[in-house]
>>> print(open('query.csv').read())   # CSV, C-alpha atoms
chain,number,residue,atom,x,y,z
K,1,MET,CA,-9.9,-72.8,11.8
K,2,THR,CA,-12.7,-71.2,9.9
K,3,GLU,CA,-13.0,-71.6,6.2
K,4,LYS,CA,-12.1,-67.9,5.9
K,5,ASP,CA,-8.8,-68.5,7.8
K,6,LEU,CA,-8.0,-71.6,5.7
K,7,ILE,CA,-8.4,-69.5,2.5
K,8,ARG,CA,-6.2,-66.8,4.1
K,9,CYS,CA,-3.5,-69.6,4.6
K,10,GLU,CA,-3.8,-70.5,1.0
K,11,LEU,CA,-3.4,-66.8,0.0
K,12,LEU,CA,-0.4,-66.5,2.3
K,13,VAL,CA,1.4,-69.4,0.5
K,14,LEU,CA,0.3,-67.9,-2.9
K,15,ARG,CA,1.5,-64.4,-2.1
K,16,TYR,CA,4.9,-65.9,-1.1
K,17,GLN,CA,5.0,-67.6,-4.5
K,18,GLN,CA,4.1,-64.4,-6.2
K,19,ASP,CA,6.9,-62.7,-4.3
K,20,ASN,CA,4.4,-60.5,-2.5
K,21,ARG,CA,6.5,-61.0,0.6
K,22,ASP,CA,5.4,-58.1,2.8
K,23,GLU,CA,1.7,-59.2,2.6
K,24,ALA,CA,2.7,-62.8,3.2
K,25,ALA,CA,4.7,-61.7,6.3
K,26,ASN,CA,1.8,-59.7,7.7
K,27,GLU,CA,-0.6,-62.5,7.1
K,28,LEU,CA,1.6,-65.0,8.9
K,29,VAL,CA,1.8,-62.7,11.9
K,30,THR,CA,-1.9,-61.9,11.9
K,31,LEU,CA,-3.0,-65.5,11.6
K,32,PHE,CA,-0.6,-67.3,13.9
K,33,GLU,CA,1.0,-64.9,16.3
K,34,LYS,CA,-1.6,-64.9,19.1
K,35,PRO,CA,-2.8,-68.5,19.1
K,36,VAL,CA,0.7,-70.0,18.6
K,37,LEU,CA,2.1,-67.8,21.3
K,38,TYR,CA,-0.7,-68.8,23.6
K,39,TYR,CA,0.0,-72.5,22.9
K,40,LEU,CA,3.7,-72.0,23.5
K,41,GLN,CA,3.1,-70.2,26.8
K,42,ARG,CA,1.0,-73.1,28.0
K,43,MET,CA,3.9,-75.4,27.0
K,44,VAL,CA,6.9,-73.6,28.4
K,45,GLU,CA,5.3,-71.2,30.9
K,46,SER,CA,7.9,-68.4,30.6
K,47,GLU,CA,6.6,-65.6,28.4
K,48,ALA,CA,10.1,-64.6,27.2
K,49,ASP,CA,10.9,-68.3,26.2
K,50,ALA,CA,7.5,-68.5,24.4
K,51,TRP,CA,8.4,-65.4,22.3
K,52,ASP,CA,11.8,-66.8,21.4
K,53,LEU,CA,10.2,-70.1,20.4
K,54,LEU,CA,7.6,-68.3,18.3
K,55,GLN,CA,10.4,-66.5,16.5
K,56,GLU,CA,12.1,-69.9,16.0
K,57,THR,CA,8.8,-71.4,14.7
K,58,PHE,CA,8.2,-68.6,12.2
K,59,PHE,CA,11.8,-68.9,11.0
K,60,SER,CA,11.4,-72.6,10.2
K,61,VAL,CA,7.9,-72.0,8.7
K,62,VAL,CA,9.3,-69.3,6.4
K,63,LYS,CA,12.2,-71.5,5.3
K,64,SER,CA,9.7,-74.2,4.4
K,65,LEU,CA,7.3,-72.0,2.5
K,66,PRO,CA,9.0,-72.5,-0.9
K,67,ARG,CA,8.3,-76.2,-0.7
K,68,MET,CA,4.7,-75.8,0.5
K,69,ARG,CA,2.0,-76.5,-2.0
K,70,ASP,CA,-1.2,-76.8,0.0
K,71,GLY,CA,-1.9,-73.7,2.1
K,72,ARG,CA,-4.6,-75.5,4.0
K,73,ALA,CA,-1.9,-77.7,5.6
K,74,LEU,CA,-0.2,-74.6,7.0
K,75,PRO,CA,-1.9,-74.5,10.4
K,76,ALA,CA,-1.0,-78.1,11.3
K,77,PHE,CA,2.5,-77.5,10.0
K,78,VAL,CA,3.0,-74.3,12.1
K,79,TYR,CA,1.8,-76.0,15.3
K,80,ARG,CA,4.0,-79.1,14.6
K,81,VAL,CA,7.0,-76.9,14.3
K,82,ALA,CA,6.0,-74.9,17.4
K,83,ARG,CA,5.5,-78.1,19.3
K,84,ASN,CA,8.9,-79.5,18.3
K,85,ALA,CA,10.6,-76.3,19.3
K,86,ALA,CA,8.8,-76.3,22.7
K,87,LEU,CA,9.7,-80.0,23.4
K,88,ASP,CA,13.3,-79.3,22.4
K,89,HIS,CA,13.3,-76.4,24.8
K,90,LEU,CA,11.8,-78.5,27.6
K,91,ARG,CA,14.3,-81.3,27.1
K,92,SER,CA,17.2,-78.8,27.2
K,93,LYS,CA,15.8,-77.5,30.5
K,94,LYS,CA,15.1,-81.1,31.7
K,95,HIS,CA,11.5,-80.3,32.3
K,96,PHE,CA,10.2,-82.9,30.0
K,97,ALA,CA,8.5,-86.1,31.1
K,98,PRO,CA,7.2,-88.7,28.6
K,99,MET,CA,3.5,-88.5,28.1
K,100,THR,CA,1.4,-91.6,29.0
K,101,ASP,CA,-2.1,-92.4,28.0
K,102,ALA,CA,-5.0,-94.2,29.5
K,103,VAL,CA,-6.4,-96.9,27.2
K,104,GLU,CA,-10.0,-97.1,28.3
K,105,GLN,CA,-12.8,-96.7,25.8
K,106,ILE,CA,-14.1,-93.2,25.4
K,107,PRO,CA,-17.9,-92.8,25.6
K,108,ASP,CA,-19.4,-91.7,22.3
K,109,HIS,CA,-21.2,-88.9,23.9
K,110,ASP,CA,-18.7,-86.8,25.7
K,111,SER,CA,-20.5,-85.0,28.5
K,112,THR,CA,-17.4,-83.0,29.3
K,113,SER,CA,-17.1,-81.3,26.0
K,114,ASP,CA,-18.8,-78.0,26.8
K,115,PHE,CA,-16.8,-75.4,28.7
K,116,SER,CA,-18.6,-72.5,27.0
K,117,THR,CA,-20.4,-71.6,30.2
K,118,GLU,CA,-17.2,-71.3,32.2
K,119,GLY,CA,-15.4,-68.0,32.5
K,120,ALA,CA,-12.5,-67.8,30.1
K,121,LEU,CA,-10.2,-66.4,32.8
K,122,LEU,CA,-11.0,-69.3,35.2
K,123,VAL,CA,-10.4,-71.9,32.4
K,124,HIS,CA,-7.1,-70.1,31.5
K,125,ARG,CA,-5.9,-70.1,35.2
K,126,THR,CA,-7.0,-73.7,35.7
K,127,LEU,CA,-5.2,-74.9,32.6
K,128,GLU,CA,-1.9,-74.0,34.3
K,129,LYS,CA,-2.7,-76.5,37.0
K,130,LEU,CA,-3.0,-79.5,34.6
K,131,PRO,CA,-0.1,-81.8,33.6
K,132,LEU,CA,1.6,-80.9,30.4
K,133,ALA,CA,0.0,-83.6,28.2
K,134,GLN,CA,-3.5,-82.6,29.3
K,135,ARG,CA,-2.7,-78.9,29.1
K,136,GLU,CA,-1.4,-79.2,25.6
K,137,VAL,CA,-4.3,-81.2,24.2
K,138,LEU,CA,-6.9,-78.9,25.8
K,139,THR,CA,-5.1,-75.8,24.6
K,140,LEU,CA,-5.0,-77.0,21.1
K,141,PHE,CA,-8.7,-78.0,21.4
K,142,PHE,CA,-9.8,-74.6,22.8
K,143,LEU,CA,-7.8,-72.7,20.2
K,144,LYS,CA,-10.0,-74.4,17.5
K,145,ASP,CA,-7.3,-74.0,14.8
K,146,LEU,CA,-7.0,-77.7,14.2
K,147,SER,CA,-9.3,-80.7,13.9
K,148,ILE,CA,-8.8,-83.8,16.1
K,149,GLU,CA,-7.0,-85.5,13.1
K,150,GLN,CA,-4.7,-82.5,12.8
K,151,ILE,CA,-4.0,-82.4,16.5
K,152,ALA,CA,-3.1,-86.1,16.2
K,153,ASP,CA,-0.8,-85.2,13.4
K,154,VAL,CA,0.8,-82.4,15.3
K,155,MET,CA,1.3,-84.5,18.4
K,156,ASN,CA,2.5,-87.5,16.4
K,157,VAL,CA,-0.1,-89.9,18.0
K,158,PRO,CA,-3.2,-91.6,16.6
K,159,ALA,CA,-6.5,-89.7,16.7
K,160,GLY,CA,-7.8,-92.2,19.3
K,161,THR,CA,-5.0,-91.2,21.6
K,162,VAL,CA,-5.9,-87.5,21.2
K,163,LYS,CA,-9.6,-88.3,21.9
K,164,SER,CA,-8.5,-90.2,25.0
K,165,ARG,CA,-6.2,-87.5,26.3
K,166,LEU,CA,-8.8,-84.9,25.6
K,167,HIS,CA,-11.5,-86.8,27.5
K,168,TYR,CA,-9.4,-87.2,30.6
K,169,ALA,CA,-8.1,-83.7,30.3
K,170,LYS,CA,-11.6,-82.3,30.2
K,171,ILE,CA,-12.5,-84.4,33.3
K,172,ALA,CA,-9.4,-83.1,35.1
K,173,LEU,CA,-10.2,-79.5,34.1
K,174,ARG,CA,-13.8,-79.9,35.2
K,175,GLN,CA,-12.8,-81.2,38.6
K,176,LYS,CA,-10.3,-78.4,39.1
K,177,LEU,CA,-12.9,-75.9,38.0
K,178,GLU,CA,-15.4,-77.3,40.6
K,179,VAL,CA,-12.8,-77.1,43.3
K,180,SER,CA,-12.1,-73.5,42.4
K,181,ASN,CA,-15.8,-72.7,42.4
K,182,VAL,CA,-16.3,-74.3,45.8
K,183,ARG,CA,-13.3,-72.2,47.2
K,184,GLU,CA,-14.8,-69.0,45.8
Q,1,MET,CA,-20.4,-67.7,25.3
Q,2,SER,CA,-19.8,-70.0,22.3
Q,3,GLU,CA,-16.6,-72.0,21.9
Q,4,ASN,CA,-15.3,-69.5,19.4
Q,5,ASP,CA,-15.9,-66.8,22.0
Q,6,LEU,CA,-14.0,-68.9,24.5
Q,7,ARG,CA,-11.0,-69.0,22.0
Q,8,ASN,CA,-11.1,-65.3,21.5
Q,9,GLU,CA,-11.4,-64.6,25.2
Q,10,LEU,CA,-8.5,-66.9,26.0
Q,11,LEU,CA,-6.3,-65.2,23.4
Q,12,ASN,CA,-7.2,-61.8,24.8
Q,13,ILE,CA,-6.6,-62.6,28.5
Q,14,GLU,CA,-2.9,-61.9,28.4
Q,15,PRO,CA,-2.1,-58.7,26.5
Q,16,LEU,CA,0.9,-59.1,24.2
Q,17,SER,CA,4.0,-57.1,24.8
Q,18,VAL,CA,4.0,-54.3,22.2
Q,19,GLN,CA,7.8,-54.3,22.2
Q,20,ARG,CA,8.1,-58.0,21.5
Q,21,GLN,CA,5.3,-57.8,18.9
Q,22,GLU,CA,7.2,-55.0,17.0
Q,23,LEU,CA,10.5,-56.9,17.3
Q,24,LEU,CA,8.8,-60.1,16.0
Q,25,GLN,CA,7.2,-58.3,13.1
Q,26,ALA,CA,10.6,-56.8,12.1
Q,27,GLN,CA,12.2,-60.2,12.4
Q,28,VAL,CA,9.5,-61.9,10.3
Q,29,ARG,CA,9.9,-59.2,7.6
Q,30,ASN,CA,13.6,-60.0,7.6
Q,31,MET,CA,12.9,-63.7,7.3
Q,32,PHE,CA,10.8,-63.1,4.2
Q,33,GLU,CA,13.6,-61.1,2.5
Q,34,PRO,CA,15.2,-63.4,-0.1
Q,35,THR,CA,18.9,-63.4,0.8
Q,36,MET,CA,21.7,-64.5,-1.4
Q,37,SER,CA,23.3,-67.9,-0.8
Q,38,LYS,CA,27.0,-68.4,-1.1
Q,39,GLY,CA,26.5,-70.0,-4.5
Q,40,GLU,CA,24.3,-67.2,-5.7
Q,41,ARG,CA,26.8,-64.7,-4.5
Q,42,MET,CA,29.7,-66.4,-6.4
Q,43,TYR,CA,27.5,-66.6,-9.5
Q,44,THR,CA,26.6,-62.9,-9.3
Q,45,ILE,CA,30.3,-61.9,-8.9
Q,46,ALA,CA,31.2,-64.1,-11.9
Q,47,SER,CA,28.4,-62.4,-13.9
Q,48,VAL,CA,29.6,-58.9,-12.9
Q,49,LEU,CA,33.2,-59.7,-13.9
Q,50,GLY,CA,32.0,-61.2,-17.2
Q,51,ALA,CA,29.7,-58.3,-18.1
Q,52,VAL,CA,32.3,-55.6,-17.2
Q,53,GLY,CA,35.0,-57.6,-19.1
Q,54,PHE,CA,32.8,-57.7,-22.1
Q,55,ALA,CA,32.0,-54.0,-21.9
Q,56,VAL,CA,35.7,-53.2,-21.7
Q,57,VAL,CA,36.4,-55.3,-24.8
Q,58,ALA,CA,33.5,-53.6,-26.6
Q,59,ALA,CA,34.9,-50.2,-25.7
Q,60,ILE,CA,38.4,-51.2,-27.0
Q,61,VAL,CA,36.9,-52.4,-30.2
Q,62,ILE,CA,34.9,-49.2,-30.7
Q,63,VAL,CA,37.8,-46.8,-29.9
Q,64,MET,CA,40.8,-48.7,-31.3
Q,65,GLY,CA,39.4,-51.4,-33.6
Q,66,LYS,CA,39.2,-51.2,-37.4
Q,67,ALA,CA,35.7,-52.7,-37.7
Q,68,GLU,CA,32.9,-51.5,-39.9
Q,69,PRO,CA,30.6,-48.8,-38.4
Q,70,MET,CA,27.8,-51.4,-38.3
Q,71,GLN,CA,29.9,-53.8,-36.3
Q,72,LYS,CA,31.0,-51.0,-34.0
Q,73,THR,CA,27.4,-50.1,-33.4
Q,74,MET,CA,26.7,-53.8,-32.4
Q,75,TRP,CA,29.6,-53.8,-30.0
Q,76,GLY,CA,28.3,-50.6,-28.5
Q,77,VAL,CA,24.8,-52.0,-28.0
Q,78,PHE,CA,26.0,-55.2,-26.5
Q,79,GLY,CA,28.5,-53.4,-24.3
Q,80,ALA,CA,25.7,-51.1,-23.0
Q,81,ILE,CA,23.5,-54.0,-22.3
Q,82,SER,CA,26.3,-55.7,-20.4
Q,83,LEU,CA,27.0,-52.6,-18.3
Q,84,GLY,CA,23.3,-52.3,-17.5
Q,85,GLY,CA,23.3,-56.0,-16.3
Q,86,ALA,CA,26.5,-55.4,-14.3
Q,87,ALA,CA,25.0,-52.4,-12.5
Q,88,LEU,CA,22.0,-54.4,-11.4
Q,89,TRP,CA,24.1,-57.3,-10.2
Q,90,ILE,CA,26.4,-55.0,-8.3
Q,91,ARG,CA,23.3,-53.5,-6.7
Q,92,SER,CA,22.1,-57.0,-5.6
Q,93,LEU,CA,25.6,-57.7,-4.2
Q,94,ALA,CA,25.6,-54.5,-2.3
Q,95,ARG,CA,22.2,-55.3,-0.7
Q,96,SER,CA,23.0,-59.0,-0.5
Q,97,LYS,CA,19.5,-59.8,-1.7
Q,98,VAL,CA,18.1,-61.6,-4.7
Q,99,GLU,CA,15.9,-58.8,-6.2
Q,100,ILE,CA,13.2,-61.1,-7.6
Q,101,ARG,CA,10.7,-58.4,-8.5
Q,102,ARG,CA,13.4,-56.5,-10.4
Q,103,LEU,CA,14.5,-59.7,-12.1
Q,104,ALA,CA,10.8,-60.4,-13.0
Q,105,ALA,CA,10.4,-56.9,-14.5
Q,106,LEU,CA,13.6,-57.4,-16.4
Q,107,SER,CA,12.4,-60.7,-17.8
Q,108,LYS,CA,9.6,-58.7,-19.4
Q,109,ILE,CA,11.9,-56.5,-21.4
Q,110,ALA,CA,14.4,-59.4,-22.2
Q,111,PRO,CA,12.6,-60.4,-25.4
Q,112,ALA,CA,12.8,-56.8,-26.7
Q,113,ALA,CA,16.6,-56.8,-26.0
Q,114,ALA,CA,16.9,-60.2,-27.6
Q,115,LEU,CA,15.0,-59.0,-30.7
Q,116,LEU,CA,17.3,-56.0,-30.9
Q,117,ILE,CA,20.4,-58.2,-30.7
Q,118,CYS,CA,18.9,-60.6,-33.2
Q,119,LEU,CA,18.1,-57.8,-35.7
Q,120,LEU,CA,21.6,-56.4,-35.5
Q,121,LEU,CA,23.2,-59.8,-36.1
Q,122,ILE,CA,20.8,-60.4,-39.1
Q,123,ILE,CA,21.5,-56.9,-40.6
Q,124,ASN,CA,25.2,-57.6,-40.1
Q,125,ALA,CA,24.9,-61.0,-41.9
Q,126,VAL,CA,23.0,-59.3,-44.8
Q,127,GLY,CA,25.6,-56.5,-45.1
Q,128,ASN,CA,28.6,-58.8,-44.7
Q,129,PRO,CA,27.7,-62.1,-46.2
Q,130,GLY,CA,29.9,-65.0,-45.0
Q,131,SER,CA,29.9,-68.1,-42.9
Q,132,GLU,CA,30.9,-66.3,-39.7
Q,133,SER,CA,28.2,-63.6,-39.9
Q,134,LEU,CA,25.6,-66.3,-40.8
Q,135,ALA,CA,26.6,-68.3,-37.7
Q,136,TRP,CA,26.2,-65.2,-35.6
Q,137,ALA,CA,22.8,-64.5,-37.2
Q,138,ILE,CA,21.7,-68.1,-36.4
Q,139,PHE,CA,22.9,-67.6,-32.8
Q,140,GLY,CA,20.8,-64.4,-32.7
Q,141,VAL,CA,17.7,-66.2,-33.8
Q,142,THR,CA,18.2,-69.1,-31.4
Q,143,PHE,CA,18.8,-66.6,-28.6
Q,144,LEU,CA,15.6,-64.8,-29.4
Q,145,ILE,CA,13.6,-68.0,-29.5
Q,146,LEU,CA,14.9,-69.1,-26.2
Q,147,THR,CA,14.3,-65.7,-24.5
Q,148,VAL,CA,10.8,-65.5,-25.8
Q,149,ALA,CA,10.1,-69.1,-24.7
Q,150,ILE,CA,11.4,-68.4,-21.2
Q,151,ALA,CA,9.5,-65.1,-21.0
Q,152,LEU,CA,6.3,-66.8,-22.1
Q,153,HIS,CA,6.7,-69.6,-19.5
Q,154,ASN,CA,7.2,-67.0,-16.8
Q,155,ARG,CA,4.1,-65.1,-18.0
Q,156,ILE,CA,2.0,-68.3,-18.0
Q,157,ILE,CA,3.1,-69.1,-14.4
Q,158,ALA,CA,2.3,-65.5,-13.3
Q,159,ALA,CA,-1.1,-65.6,-14.9
Q,160,GLU,CA,-1.9,-68.9,-13.3
Q,161,LEU,CA,-1.0,-67.5,-9.8
Q,162,ASN,CA,-3.0,-64.4,-10.4
Q,163,GLN,CA,-6.0,-66.5,-11.5
Q,164,ARG,CA,-5.7,-68.7,-8.4
Q,165,GLU,CA,-5.5,-65.5,-6.3
Q,166,GLN,CA,-8.8,-64.2,-7.9
Q,167,MET,CA,-10.5,-67.5,-7.2
Q,168,LEU,CA,-9.4,-67.5,-3.6
Q,169,ARG,CA,-10.6,-63.9,-3.2
Q,170,ILE,CA,-14.0,-65.0,-4.5
Q,171,GLU,CA,-14.0,-68.1,-2.2
Q,172,TYR,CA,-13.2,-65.8,0.7
Q,173,ARG,CA,-16.1,-63.5,-0.1
Q,174,ILE,CA,-18.4,-66.6,-0.3
Q,175,ALA,CA,-17.2,-67.9,3.0
Q,176,GLU,CA,-17.6,-64.4,4.5
Q,177,MET,CA,-21.2,-64.2,3.2
Q,178,SER,CA,-22.1,-67.6,4.4
Q,179,GLU,CA,-20.9,-66.7,7.9
Q,180,LYS,CA,-23.3,-63.8,8.1
>>> encode(input="query.csv", output="structure tokens")
Amino acid sequence: MTEKDLIRCELLVLRYQQDNRDEAANELVTLFEKPVLYYLQRMVESEADAWDLLQETFFSVVKSLPRMRDGRALPAFVYRVARNAALDHLRSKKHFAPMTDAVEQIPDHDSTSDFSTEGALLVHRTLEKLPLAQREVLTLFFLKDLSIEQIADVMNVPAGTVKSRLHYAKIALRQKLEVSNVRE
Amino acid sequence: MSENDLRNELLNIEPLSVQRQELLQAQVRNMFEPTMSKGERMYTIASVLGAVGFAVVAAIVIVMGKAEPMQKTMWGVFGAISLGGAALWIRSLARSKVEIRRLAALSKIAPAAALLICLLLIINAVGNPGSESLAWAIFGVTFLILTVAIALHNRIIAAELNQREQMLRIEYRIAEMSEK
């Protein structure tokens, strides 16, 4: 998230404490509706389920606001709640497989980091073809709302694991993009 | 296309359902409404019963009692304040909401009401010297001190939050300028 967005998160928590609830509600929707819905759609695939999970996420977040002191922690908290809701949903539908990680060392210079030259639509479509663990980490990475450490916190894994998943997810995405390009 | 552009483009690929958006916004506004818990509801009902009971007793004393005019005036003032409180609590019960803003506004006039009660009790003690009226006057002063202390505490918290908001607005402006 940009510094401006983090300040807006702080203002959101502050407005809640000041009982300026309409503004806090609007800010929550403005800041998180689109990116969290995008993340949830990548997790559960069905749009209707993603909307329901987003509502569930916002409900839990609003309930936790009275105890929240640091507004800057809000983005990671929102994504953590959304992730838990999505995983519970997948478990209930029996679509959930445990995530496994490769343990190889990740090169310092990650040559696969730049997808800026790819068309967003192509990246978006190709994301759907990746396994859940890779799709999730790449989605969080592309949304730019969280740092690697925060993604690790959200996914409840060490930062090294996130870097590892991200590295292999980028390779997988790159390969699928190349296949798509060749076909076109 | 920068990575931030990629983010924005990804987010704009699938247009959001306007119907679901409106529904979510309405649901979020409801989520932010402070609703009454069972305990708060019981407390409010007890407060209404206490306040209405007190107002009824005050009315009986004023109409049928043989008290001094000064004491009847006091009963009248206290009864009216009780009725005012009861009306607000009944309104909260009807809406099933904790009306925090209204309560905050009331906390601002509470010291004035406490001062009025305190003055009446002191005037009564001066006019009718005795241990009972002295005890009531001491109660009035204690009540006033407590009310002022609570009001002051609330004002300090509100001032701190406002100051924090102003600081964040300035920080936001600085962040905005540094982005340009």
>>> interface_residues(input="query.csv", of="chain K", to="chain Q", cutoff="9 Å", atoms="all atoms listed in the file", output="ChimeraX atom specification")
/K:2-5,7-8,10-11,14-22,24-26,28-29,33-35,38,48,51,54-55,58-59,62-63,114-121,123-124,142-144
>>> atom_distance(input="query.csv", atom1="atom CA of Q:Ser107", atom2="atom CA of Q:Ser133")
27.3 Å
>>> atom_distance(input="query.csv", atom1="atom CA of Q:Val18", atom2="atom CA of K:Val61")
22.6 Å
>>> atom_distance(input="query.csv", atom1="atom CA of Q:Ile62", atom2="atom CA of Q:Thr142")
26.0 Å
>>> residues_near_point(input="query.csv", point="(20.7, -57.3, -32.4)", cutoff="10 Å", atoms="only C-alpha atoms", output="number ranges by chain")
Q: 73-75, 77-78, 112-124, 137, 140-141, 144
